[in-house]
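entry28.txt, holding compact mmCIF, C-alpha atoms and all ligand atoms:
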```txt
# COMPACT_ATOMS: atom_id res chain seq x y z
CA MET V 1 -50.67 -18.89 183.49
CA ARG V 2 -53.31 -20.47 181.25
CA LYS V 3 -52.14 -20.88 177.63
CA PRO V 4 -54.65 -19.26 175.27
CA ILE V 5 -56.40 -21.68 172.91
CA ILE V 6 -58.03 -20.74 169.61
CA ALA V 7 -59.91 -23.65 168.03
CA GLY V 8 -61.52 -23.62 164.60
CA ASN V 9 -64.63 -25.76 164.43
CA TRP V 10 -65.14 -26.30 160.71
CA LYS V 11 -68.48 -28.01 161.28
CA MET V 12 -69.79 -29.70 158.10
CA ASN V 13 -67.63 -27.63 155.75
CA LYS V 14 -64.66 -28.28 153.43
CA SER V 15 -64.51 -31.34 151.22
CA TYR V 16 -61.23 -33.26 151.13
CA SER V 17 -60.06 -31.14 148.18
CA GLU V 18 -61.12 -27.87 149.83
CA ALA V 19 -59.55 -28.91 153.13
CA LYS V 20 -56.23 -29.56 151.36
CA VAL V 21 -56.21 -25.97 150.11
CA LEU V 22 -57.12 -24.47 153.49
CA LEU V 23 -54.67 -26.62 155.44
CA GLU V 24 -51.82 -25.83 153.05
CA GLU V 25 -52.55 -22.11 153.57
CA ILE V 26 -52.71 -22.47 157.37
CA LYS V 27 -49.44 -24.40 157.25
CA SER V 28 -47.79 -21.48 155.47
CA PHE V 29 -48.59 -18.93 158.19
CA ASP V 30 -46.24 -18.00 161.02
CA LEU V 31 -48.72 -18.45 163.85
CA ASN V 32 -48.17 -17.12 167.38
CA LYS V 33 -46.59 -20.00 169.31
CA GLU V 34 -47.77 -18.49 172.61
CA VAL V 35 -51.30 -19.45 171.56
CA GLU V 36 -52.48 -23.03 171.13
CA ALA V 37 -54.07 -23.24 167.68
CA VAL V 38 -56.42 -26.13 166.91
CA VAL V 39 -58.25 -27.07 163.73
CA CYS V 40 -61.30 -29.32 164.00
CA PRO V 41 -62.19 -30.49 160.48
CA PRO V 42 -64.84 -33.06 159.55
CA PHE V 43 -63.79 -36.66 160.29
CA ILE V 44 -62.87 -37.35 156.65
CA ASN V 45 -60.17 -34.68 156.79
CA LEU V 46 -58.50 -35.64 160.07
CA VAL V 47 -55.76 -37.78 158.50
CA LEU V 48 -55.04 -35.04 155.96
CA ALA V 49 -54.90 -32.41 158.70
CA LYS V 50 -52.47 -34.43 160.80
CA GLU V 51 -50.28 -35.02 157.75
CA LEU V 52 -50.21 -31.44 156.48
CA LEU V 53 -49.82 -29.86 159.93
CA LYS V 54 -47.25 -32.33 161.27
CA ASP V 55 -44.37 -29.82 161.10
CA THR V 56 -46.39 -27.02 162.69
CA ASN V 57 -47.59 -26.27 166.22
CA VAL V 58 -51.20 -26.52 165.11
CA GLU V 59 -53.12 -29.26 166.92
CA VAL V 60 -55.97 -31.27 165.43
CA GLY V 61 -59.33 -31.89 167.07
CA ALA V 62 -62.46 -33.85 166.23
CA GLN V 63 -65.99 -32.48 166.37
CA ASN V 64 -67.50 -35.50 168.08
CA ALA V 65 -66.93 -39.18 168.95
CA HIS V 66 -68.84 -42.14 170.29
CA PHE V 67 -68.32 -43.20 173.92
CA GLU V 68 -67.87 -46.85 172.91
CA THR V 69 -64.42 -47.83 171.62
CA SER V 70 -65.44 -50.45 169.02
CA GLY V 71 -68.37 -52.56 167.85
CA ALA V 72 -71.67 -52.49 166.00
CA PHE V 73 -72.29 -48.74 166.03
CA THR V 74 -72.87 -47.89 162.39
CA GLY V 75 -71.69 -44.46 161.42
CA GLU V 76 -69.91 -43.73 164.67
CA VAL V 77 -66.22 -42.97 165.28
CA SER V 78 -64.28 -44.48 168.18
CA PRO V 79 -62.11 -42.35 170.50
CA VAL V 80 -59.44 -45.04 170.11
CA PHE V 81 -59.28 -44.34 166.36
CA LEU V 82 -58.96 -40.60 167.02
CA LYS V 83 -56.18 -41.11 169.56
CA ASP V 84 -54.40 -43.45 167.16
CA LEU V 85 -54.49 -40.69 164.53
CA GLY V 86 -52.88 -38.19 166.92
CA VAL V 87 -56.04 -36.14 167.46
CA LYS V 88 -55.69 -34.11 170.70
CA TYR V 89 -59.10 -32.56 171.37
CA VAL V 90 -62.71 -33.63 170.87
CA ILE V 91 -65.54 -31.10 170.87
CA LEU V 92 -68.43 -32.48 172.94
CA GLY V 93 -71.90 -31.20 173.72
CA HIS V 94 -71.95 -28.61 170.96
CA SER V 95 -75.39 -27.01 170.81
CA GLU V 96 -75.83 -28.35 167.27
CA ARG V 97 -75.26 -31.92 168.54
CA ARG V 98 -77.70 -31.31 171.36
CA GLU V 99 -80.36 -29.67 169.18
CA TYR V 100 -80.17 -31.52 165.86
CA PHE V 101 -78.99 -34.94 167.09
CA GLY V 102 -80.68 -35.10 170.49
CA GLU V 103 -77.55 -35.48 172.55
CA SER V 104 -78.51 -35.46 176.23
CA ASP V 105 -76.37 -34.43 179.16
CA GLU V 106 -76.28 -38.12 180.17
CA LEU V 107 -74.84 -39.08 176.77
CA ILE V 108 -72.39 -36.18 176.83
CA ASN V 109 -71.23 -37.24 180.30
CA LYS V 110 -70.50 -40.73 178.95
CA LYS V 111 -68.56 -39.19 176.07
CA VAL V 112 -66.55 -36.90 178.35
CA LYS V 113 -65.50 -39.89 180.49
CA SER V 114 -64.68 -42.01 177.43
CA MET V 115 -62.50 -39.31 175.84
CA LEU V 116 -60.55 -38.92 179.08
CA GLU V 117 -60.18 -42.70 179.46
CA ASN V 118 -58.75 -42.80 175.94
CA GLY V 119 -56.28 -39.95 176.34
CA LEU V 120 -58.25 -37.29 174.49
CA LEU V 121 -59.05 -33.80 175.80
CA PRO V 122 -62.72 -32.81 175.72
CA ILE V 123 -63.73 -29.30 174.69
CA LEU V 124 -67.06 -29.33 176.53
CA CYS V 125 -69.62 -26.87 175.18
CA CYS V 126 -72.38 -25.20 177.18
CA GLY V 127 -74.64 -22.23 176.63
CA GLU V 128 -78.12 -20.77 176.82
CA THR V 129 -80.85 -19.92 174.34
CA LEU V 130 -81.95 -16.34 173.73
CA GLU V 131 -85.14 -16.99 175.70
CA GLU V 132 -83.11 -18.24 178.67
CA ARG V 133 -80.83 -15.23 178.44
CA GLU V 134 -83.71 -12.77 178.25
CA SER V 135 -85.51 -14.43 181.15
CA GLY V 136 -82.43 -14.29 183.37
CA LYS V 137 -81.94 -18.07 183.35
CA ALA V 138 -78.63 -18.24 181.46
CA GLN V 139 -76.51 -19.10 184.48
CA ASP V 140 -79.04 -21.69 185.69
CA LYS V 141 -78.92 -23.39 182.29
CA VAL V 142 -75.12 -23.52 182.18
CA LYS V 143 -75.01 -24.80 185.78
CA VAL V 144 -77.39 -27.66 184.98
CA GLN V 145 -75.41 -28.58 181.86
CA LEU V 146 -71.97 -28.57 183.47
CA GLU V 147 -73.04 -30.39 186.64
CA ALA V 148 -74.57 -33.17 184.50
CA ASP V 149 -71.87 -33.29 181.82
CA LEU V 150 -69.06 -33.41 184.39
CA LYS V 151 -70.80 -35.79 186.82
CA GLY V 152 -68.50 -38.40 188.32
CA LEU V 153 -65.23 -36.85 187.14
CA SER V 154 -62.33 -36.74 189.58
CA VAL V 155 -60.26 -33.59 190.06
CA GLU V 156 -57.50 -35.33 188.11
CA ASP V 157 -59.91 -36.17 185.27
CA PHE V 158 -61.06 -32.57 185.05
CA ASP V 159 -57.47 -31.43 184.63
CA ASN V 160 -57.77 -32.38 180.95
CA VAL V 161 -61.06 -30.65 180.18
CA VAL V 162 -61.50 -27.37 178.31
CA ILE V 163 -64.88 -25.64 178.64
CA ALA V 164 -66.41 -23.62 175.80
CA TYR V 165 -69.18 -21.17 176.62
CA GLU V 166 -71.27 -20.69 173.48
CA PRO V 167 -74.48 -18.70 173.83
CA ILE V 168 -76.71 -20.40 171.28
CA TRP V 169 -78.14 -17.10 170.08
CA ALA V 170 -74.64 -15.94 169.09
CA ILE V 171 -73.69 -19.01 167.04
CA GLY V 172 -73.56 -18.32 163.33
CA THR V 173 -75.73 -15.23 163.73
CA GLY V 174 -73.15 -12.48 163.64
CA LYS V 175 -74.53 -11.45 167.03
CA THR V 176 -71.54 -11.77 169.31
CA ALA V 177 -72.14 -11.61 173.03
CA SER V 178 -70.59 -8.44 174.40
CA ALA V 179 -67.14 -9.10 175.80
CA ASP V 180 -68.47 -8.09 179.22
CA ASP V 181 -71.37 -10.54 179.04
CA ALA V 182 -69.03 -13.29 177.88
CA GLU V 183 -66.64 -12.45 180.72
CA GLU V 184 -69.46 -12.49 183.26
CA MET V 185 -70.55 -15.98 182.22
CA CYS V 186 -66.99 -17.31 182.00
CA ALA V 187 -66.32 -15.99 185.49
CA TYR V 188 -69.48 -17.72 186.65
CA ILE V 189 -68.36 -20.97 184.99
CA ARG V 190 -65.03 -20.66 186.80
CA SER V 191 -66.91 -20.30 190.10
CA LEU V 192 -68.89 -23.45 189.26
CA VAL V 193 -65.63 -25.30 188.60
CA LYS V 194 -64.37 -24.11 191.99
CA ASP V 195 -67.46 -25.56 193.67
CA LEU V 196 -67.16 -28.84 191.76
CA PHE V 197 -63.39 -29.42 191.66
CA GLY V 198 -61.72 -26.89 193.97
CA ASP V 199 -59.66 -23.72 193.79
CA ALA V 200 -56.70 -25.12 191.87
CA ALA V 201 -58.91 -26.60 189.15
CA ALA V 202 -60.82 -23.34 188.82
CA GLU V 203 -57.59 -21.39 188.43
CA LYS V 204 -56.18 -23.84 185.87
CA VAL V 205 -59.15 -24.64 183.62
CA ARG V 206 -59.20 -22.91 180.25
CA ILE V 207 -62.56 -21.43 179.31
CA GLN V 208 -63.27 -20.49 175.70
CA TYR V 209 -65.96 -18.20 174.35
CA GLY V 210 -67.68 -19.16 171.11
CA GLY V 211 -70.33 -17.36 169.08
CA SER V 212 -69.52 -15.15 166.09
CA VAL V 213 -65.91 -14.56 167.08
CA LYS V 214 -64.12 -12.67 164.30
CA PRO V 215 -60.73 -11.01 163.81
CA SER V 216 -62.53 -7.72 164.54
CA ASN V 217 -63.68 -8.73 168.04
CA VAL V 218 -61.22 -11.41 169.18
CA LYS V 219 -58.78 -8.97 170.83
CA GLU V 220 -61.41 -7.51 173.15
CA ILE V 221 -62.80 -10.95 173.98
CA MET V 222 -59.35 -12.32 174.74
CA SER V 223 -58.55 -9.33 176.95
CA LYS V 224 -60.98 -10.56 179.58
CA ALA V 225 -59.56 -12.18 182.70
CA ASN V 226 -61.73 -15.29 182.62
CA ILE V 227 -61.67 -15.93 178.86
CA ASP V 228 -58.74 -18.11 177.81
CA GLY V 229 -59.66 -18.76 174.21
CA ALA V 230 -62.25 -18.97 171.48
CA LEU V 231 -64.13 -21.73 169.71
CA VAL V 232 -64.68 -20.32 166.25
CA GLY V 233 -66.91 -21.54 163.46
CA GLY V 234 -67.32 -19.41 160.35
CA ALA V 235 -64.25 -17.23 160.81
CA SER V 236 -62.00 -20.32 160.96
CA LEU V 237 -62.90 -21.44 157.45
CA GLU V 238 -60.59 -18.94 155.78
CA ALA V 239 -56.84 -19.12 156.40
CA GLU V 240 -56.14 -15.38 156.69
CA SER V 241 -58.99 -15.00 159.15
CA PHE V 242 -57.87 -18.00 161.21
CA SER V 243 -54.31 -16.68 161.36
CA LYS V 244 -55.58 -13.28 162.58
CA LEU V 245 -57.57 -15.04 165.29
CA VAL V 246 -54.55 -17.02 166.48
CA ASN V 247 -52.28 -13.98 166.28
CA PHE V 248 -54.76 -11.77 168.12
O1 LIG T 1 -68.14 -24.07 167.43
C1 LIG T 1 -68.21 -22.89 167.05
C2 LIG T 1 -69.39 -22.10 167.43
O2 LIG T 1 -70.55 -22.80 167.12
C3 LIG T 1 -69.38 -20.68 166.88
O3 LIG T 1 -69.64 -20.68 165.50
P1 LIG T 1 -69.55 -19.25 164.76
O4 LIG T 1 -68.16 -18.70 165.02
O5 LIG T 1 -69.79 -19.55 163.30
O6 LIG T 1 -70.62 -18.37 165.38
```
I need this file expressed as structure tokens, please.
Amino acid sequence: MRKPIIAGNWKMNKSYSEAKVLLEEIKSFDLNKEVEAVVCPPFINLVLAKELLKDTNVEVGAQNAHFETSGAFTGEVSPVFLKDLGVKYVILGHSERREYFGESDELINKKVKSMLENGLLPILCCGETLEERESGKAQDKVKVQLEADLKGLSVEDFDNVVIAYEPIWAIGTGKTASADDAEEMCAYIRSLVKDLFGDAAAEKVRIQYGGSVKPSNVKEIMSKANIDGALVGGASLEAESFSKLVNF
């Protein structure tokens, strides 16, 4: 049985003061313990999140990390520092990192390996553009991404990876993929995992959907056999909304 995972990707939102308010509210909720809840605040709020959530079941994740562990890399954050803080997950390959910051599959592959080497669990994002979806190339795009991003991983390595399918055209747009479309792609991703890492890995891997997930649509999305969770942006920035997502 795959434990459901609902992760809130705050993106570049919530100052330290605003994060304190949101985290205190999240801390006050009685969240469903059968679901793994994760908050992924900006780097500057990771220490605060670990401190305020320490007596809860809510895990903390980072939105990115460098693949190097130390050195002259101005502005970057080491996976060693994140592990030392008690961060559990690291979002990698988010479409915004790929689009705005030019992150290639080769770089993402290095990051995936480095997170695993340093005891962190990657949440590896993949997904197509609207043009790719409308031209019937969505599965081809996701296949290319995952084969490159997961290149060189052993079956044991992959055991610690979560995959997040996020159709780019559904991110932040309010246009959620239909639950059936999301299920179709997540089932396809599971078949890719089977080809790459075998039956057991395919059965065990948790696959999230991300792209305008809200309390109003999370139940249907989570009812699908191949969807094990959600990676949520906007709807995770308000405590009541986040609690409804986790308690779907
Ligand atoms: O990482 C989260 C995804 O980009 C989805 O964001 P969204 O829920 O605001 O559409």
*Name the residues, by chain letter and number, that sit within 9 Å of ligand LIG 1 (chain T) using only C-alpha atoms and all ligand atoms, and give them as a PyMOL selection string.*
chain V and resi 7-11+63+91+94-96+125+164+166-176+209-214+230-236
*So how far away is atom CA of V:Arg206 from atom CA of V:Asp105, in Å?*
20.7 Å
*Just the residues within 9 Å of V:Gln139, please, counting only C-alpha atoms, with nothing from its chain fewer than 4 positions along; format it as a PyMOL selection string.*
chain V and resi 127-128+132-133+143-144+185+188-189
*If we count all atoms listed in the file, what is near V:Asp157 at a cut-off of 12 Å, once residues fewer than 4 positions away on the same chain are taken out, given as JSON, numbers by chain?*
{"V": [112, 113, 114, 115, 116, 117, 118, 119, 120, 121, 122, 150, 151, 152, 153, 161, 162, 197, 201, 205]}
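You can rank V:Ala200, V:Ile207, V:Ala19, V:Ala239 by their closest distance to V:Asn226 using all atoms listed in the file, and at the top of that list sits V:Ile207.
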*asked:* So that I can check the surroundings of stretch 42-59 of chain V, please list as a PyMOL selection string every protein, DNA and RNA residue that reaches within 6 Å of it, counting all atoms listed in the file and ignoring chain neighbours fewer than 2 positions away.
replied: chain V and resi 16+37-38
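Between atom CA of V:Val155 and atom CA of V:Cys126 there is a distance of 19.6 Å.
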Which polymer residues, protein or nucleic acid, are no farther than 6 Å from (-56.7, -20.9, 157.6), counting all atoms listed in the file, as a PDB file with C-alpha atoms, in the coordinates of the input?
```
ATOM      1  CA  LEU V  22     -57.120 -24.470 153.490  1.00  0.00           C
ATOM      2  CA  GLU V  25     -52.550 -22.110 153.570  1.00  0.00           C
ATOM      3  CA  ILE V  26     -52.710 -22.470 157.370  1.00  0.00           C
ATOM      4  CA  GLU V 238     -60.590 -18.940 155.780  1.00  0.00           C
ATOM      5  CA  ALA V 239     -56.840 -19.120 156.400  1.00  0.00           C
ATOM      6  CA  GLU V 240     -56.140 -15.380 156.690  1.00  0.00           C
ATOM      7  CA  PHE V 242     -57.870 -18.000 161.210  1.00  0.00           C
TER       8      PHE V 242
END
```
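Counting from atom CA of V:Glu99, the distance to atom CA of V:Lys141 is 14.6 Å.
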As JSON, what would the box around stretch 83-100 of chain V look like: edges along x, y and z, 3 Å added on every side, centre and edge lengths in Å to one decimal?
```
{"center_x": -66.6, "center_y": -35.2, "center_z": 169.1, "size_x": 33.5, "size_y": 22.4, "size_z": 15.2}
```
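The smallest atom-to-atom distance between V:His66 and any of V:Pro41, V:Gly86, V:Pro215, V:Gly93, using all atoms listed in the file, is found for V:Gly93.
Of the residues listed (V:Glu68, V:Glu24, V:Asp149, V:Asp181), V:Asp149 shows the shortest atom-to-atom separation from V:Leu196; distances use only C-alpha atoms.
Compared by their closest atoms to V:Leu82, and using only C-alpha atoms, the residues V:Val246, V:Ala138, V:Val60, V:Ala202 rank with V:Val60 nearest.
With all atoms listed in the file as the atoms that count, the minimum distance from V:Arg98 to the choices V:Gln145, V:Lys137, V:Gly71, V:Asn13 is reached by V:Gln145.
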Would you save stretch 10-47 of chain V from the block above with N, CA and C atoms, as a PDB file, in the first residue's frame?
```pdb
ATOM      1  N   TRP V  10       5.440  26.065  -1.721  1.00  0.00           N
ATOM      2  CA  TRP V  10       5.102  27.471  -1.509  1.00  0.00           C
ATOM      3  C   TRP V  10       5.682  28.375  -2.586  1.00  0.00           C
ATOM      4  N   LYS V  11       6.634  27.870  -3.339  1.00  0.00           N
ATOM      5  CA  LYS V  11       7.323  28.649  -4.366  1.00  0.00           C
ATOM      6  C   LYS V  11       7.914  29.923  -3.717  1.00  0.00           C
ATOM      7  N   MET V  12       7.960  31.052  -4.422  1.00  0.00           N
ATOM      8  CA  MET V  12       8.577  32.233  -3.809  1.00  0.00           C
ATOM      9  C   MET V  12       7.497  33.068  -3.134  1.00  0.00           C
ATOM     10  N   ASN V  13       6.916  32.468  -2.088  1.00  0.00           N
ATOM     11  CA  ASN V  13       5.849  33.127  -1.320  1.00  0.00           C
ATOM     12  C   ASN V  13       6.090  32.943   0.169  1.00  0.00           C
ATOM     13  N   LYS V  14       5.640  33.875   0.961  1.00  0.00           N
ATOM     14  CA  LYS V  14       5.677  33.902   2.427  1.00  0.00           C
ATOM     15  C   LYS V  14       7.036  34.362   2.956  1.00  0.00           C
ATOM     16  N   SER V  15       7.071  35.598   3.391  1.00  0.00           N
ATOM     17  CA  SER V  15       8.250  36.100   4.113  1.00  0.00           C
ATOM     18  C   SER V  15       8.387  35.312   5.408  1.00  0.00           C
ATOM     19  N   TYR V  16       9.468  35.570   6.148  1.00  0.00           N
ATOM     20  CA  TYR V  16       9.668  34.877   7.429  1.00  0.00           C
ATOM     21  C   TYR V  16       8.463  35.142   8.343  1.00  0.00           C
ATOM     22  N   SER V  17       8.042  36.390   8.404  1.00  0.00           N
ATOM     23  CA  SER V  17       6.918  36.749   9.297  1.00  0.00           C
ATOM     24  C   SER V  17       5.621  36.084   8.840  1.00  0.00           C
ATOM     25  N   GLU V  18       5.394  36.069   7.534  1.00  0.00           N
ATOM     26  CA  GLU V  18       4.161  35.446   7.006  1.00  0.00           C
ATOM     27  C   GLU V  18       4.205  33.933   7.188  1.00  0.00           C
ATOM     28  N   ALA V  19       5.400  33.363   7.017  1.00  0.00           N
ATOM     29  CA  ALA V  19       5.560  31.911   7.178  1.00  0.00           C
ATOM     30  C   ALA V  19       5.265  31.503   8.616  1.00  0.00           C
ATOM     31  N   LYS V  20       5.672  32.341   9.569  1.00  0.00           N
ATOM     32  CA  LYS V  20       5.432  32.042  10.998  1.00  0.00           C
ATOM     33  C   LYS V  20       3.943  31.911  11.247  1.00  0.00           C
ATOM     34  N   VAL V  21       3.167  32.814  10.658  1.00  0.00           N
ATOM     35  CA  VAL V  21       1.705  32.779  10.835  1.00  0.00           C
ATOM     36  C   VAL V  21       1.123  31.508  10.221  1.00  0.00           C
ATOM     37  N   LEU V  22       1.507  31.223   8.984  1.00  0.00           N
ATOM     38  CA  LEU V  22       0.968  30.046   8.285  1.00  0.00           C
ATOM     39  C   LEU V  22       1.369  28.752   8.986  1.00  0.00           C
ATOM     40  N   LEU V  23       2.611  28.656   9.385  1.00  0.00           N
ATOM     41  CA  LEU V  23       3.084  27.427  10.033  1.00  0.00           C
ATOM     42  C   LEU V  23       2.421  27.212  11.403  1.00  0.00           C
ATOM     43  N   GLU V  24       2.200  28.294  12.118  1.00  0.00           N
ATOM     44  CA  GLU V  24       1.507  28.174  13.418  1.00  0.00           C
ATOM     45  C   GLU V  24       0.075  27.663  13.205  1.00  0.00           C
ATOM     46  N   GLU V  25      -0.560  28.145  12.116  1.00  0.00           N
ATOM     47  CA  GLU V  25      -1.926  27.670  11.815  1.00  0.00           C
ATOM     48  C   GLU V  25      -1.911  26.193  11.414  1.00  0.00           C
ATOM     49  N   ILE V  26      -0.968  25.826  10.554  1.00  0.00           N
ATOM     50  CA  ILE V  26      -0.878  24.416  10.113  1.00  0.00           C
ATOM     51  C   ILE V  26      -0.637  23.517  11.325  1.00  0.00           C
ATOM     52  N   LYS V  27       0.209  23.991  12.208  1.00  0.00           N
ATOM     53  CA  LYS V  27       0.542  23.229  13.426  1.00  0.00           C
ATOM     54  C   LYS V  27      -0.698  22.968  14.274  1.00  0.00           C
ATOM     55  N   SER V  28      -1.642  23.869  14.198  1.00  0.00           N
ATOM     56  CA  SER V  28      -2.841  23.767  15.064  1.00  0.00           C
ATOM     57  C   SER V  28      -3.876  22.790  14.536  1.00  0.00           C
ATOM     58  N   PHE V  29      -3.730  22.362  13.281  1.00  0.00           N
ATOM     59  CA  PHE V  29      -4.736  21.472  12.686  1.00  0.00           C
ATOM     60  C   PHE V  29      -4.485  20.015  13.069  1.00  0.00           C
ATOM     61  N   ASP V  30      -5.564  19.255  13.134  1.00  0.00           N
ATOM     62  CA  ASP V  30      -5.458  17.804  13.361  1.00  0.00           C
ATOM     63  C   ASP V  30      -5.472  17.142  11.987  1.00  0.00           C
ATOM     64  N   LEU V  31      -4.274  16.965  11.419  1.00  0.00           N
ATOM     65  CA  LEU V  31      -4.179  16.464  10.048  1.00  0.00           C
ATOM     66  C   LEU V  31      -4.247  14.937  10.020  1.00  0.00           C
ATOM     67  N   ASN V  32      -4.786  14.409   8.940  1.00  0.00           N
ATOM     68  CA  ASN V  32      -4.928  12.956   8.760  1.00  0.00           C
ATOM     69  C   ASN V  32      -3.543  12.288   8.784  1.00  0.00           C
ATOM     70  N   LYS V  33      -3.314  11.444   9.746  1.00  0.00           N
ATOM     71  CA  LYS V  33      -1.987  10.820   9.900  1.00  0.00           C
ATOM     72  C   LYS V  33      -1.767   9.701   8.895  1.00  0.00           C
ATOM     73  N   GLU V  34      -2.837   9.325   8.181  1.00  0.00           N
ATOM     74  CA  GLU V  34      -2.711   8.281   7.139  1.00  0.00           C
ATOM     75  C   GLU V  34      -2.165   8.874   5.840  1.00  0.00           C
ATOM     76  N   VAL V  35      -2.009  10.213   5.855  1.00  0.00           N
ATOM     77  CA  VAL V  35      -1.491  10.903   4.666  1.00  0.00           C
ATOM     78  C   VAL V  35      -0.188  11.596   5.059  1.00  0.00           C
ATOM     79  N   GLU V  36       0.830  11.466   4.233  1.00  0.00           N
ATOM     80  CA  GLU V  36       2.085  12.184   4.526  1.00  0.00           C
ATOM     81  C   GLU V  36       1.944  13.611   4.039  1.00  0.00           C
ATOM     82  N   ALA V  37       1.994  14.546   4.970  1.00  0.00           N
ATOM     83  CA  ALA V  37       1.889  15.975   4.645  1.00  0.00           C
ATOM     84  C   ALA V  37       3.287  16.577   4.641  1.00  0.00           C
ATOM     85  N   VAL V  38       3.565  17.384   3.619  1.00  0.00           N
ATOM     86  CA  VAL V  38       4.876  18.006   3.480  1.00  0.00           C
ATOM     87  C   VAL V  38       4.681  19.483   3.146  1.00  0.00           C
ATOM     88  N   VAL V  39       5.453  20.337   3.824  1.00  0.00           N
ATOM     89  CA  VAL V  39       5.471  21.748   3.420  1.00  0.00           C
ATOM     90  C   VAL V  39       6.850  22.062   2.848  1.00  0.00           C
ATOM     91  N   CYS V  40       6.861  22.778   1.732  1.00  0.00           N
ATOM     92  CA  CYS V  40       8.125  23.121   1.060  1.00  0.00           C
ATOM     93  C   CYS V  40       8.223  24.644   0.954  1.00  0.00           C
ATOM     94  N   PRO V  41       8.663  25.299   2.013  1.00  0.00           N
ATOM     95  CA  PRO V  41       8.758  26.755   2.017  1.00  0.00           C
ATOM     96  C   PRO V  41      10.019  27.236   1.298  1.00  0.00           C
ATOM     97  N   PRO V  42      10.179  28.518   1.097  1.00  0.00           N
ATOM     98  CA  PRO V  42      11.451  29.038   0.595  1.00  0.00           C
ATOM     99  C   PRO V  42      12.587  28.697   1.564  1.00  0.00           C
ATOM    100  N   PHE V  43      13.808  28.657   1.079  1.00  0.00           N
ATOM    101  CA  PHE V  43      14.952  28.268   1.918  1.00  0.00           C
ATOM    102  C   PHE V  43      14.991  29.017   3.258  1.00  0.00           C
ATOM    103  N   ILE V  44      14.659  30.328   3.209  1.00  0.00           N
ATOM    104  CA  ILE V  44      14.853  31.141   4.427  1.00  0.00           C
ATOM    105  C   ILE V  44      13.909  30.724   5.543  1.00  0.00           C
ATOM    106  N   ASN V  45      12.906  29.938   5.197  1.00  0.00           N
ATOM    107  CA  ASN V  45      11.915  29.529   6.214  1.00  0.00           C
ATOM    108  C   ASN V  45      12.036  28.061   6.612  1.00  0.00           C
ATOM    109  N   LEU V  46      13.083  27.386   6.156  1.00  0.00           N
ATOM    110  CA  LEU V  46      13.208  25.961   6.471  1.00  0.00           C
ATOM    111  C   LEU V  46      13.464  25.713   7.962  1.00  0.00           C
ATOM    112  N   VAL V  47      14.353  26.497   8.553  1.00  0.00           N
ATOM    113  CA  VAL V  47      14.648  26.319   9.987  1.00  0.00           C
ATOM    114  C   VAL V  47      13.380  26.568  10.804  1.00  0.00           C
TER     115      VAL V  47
END
```
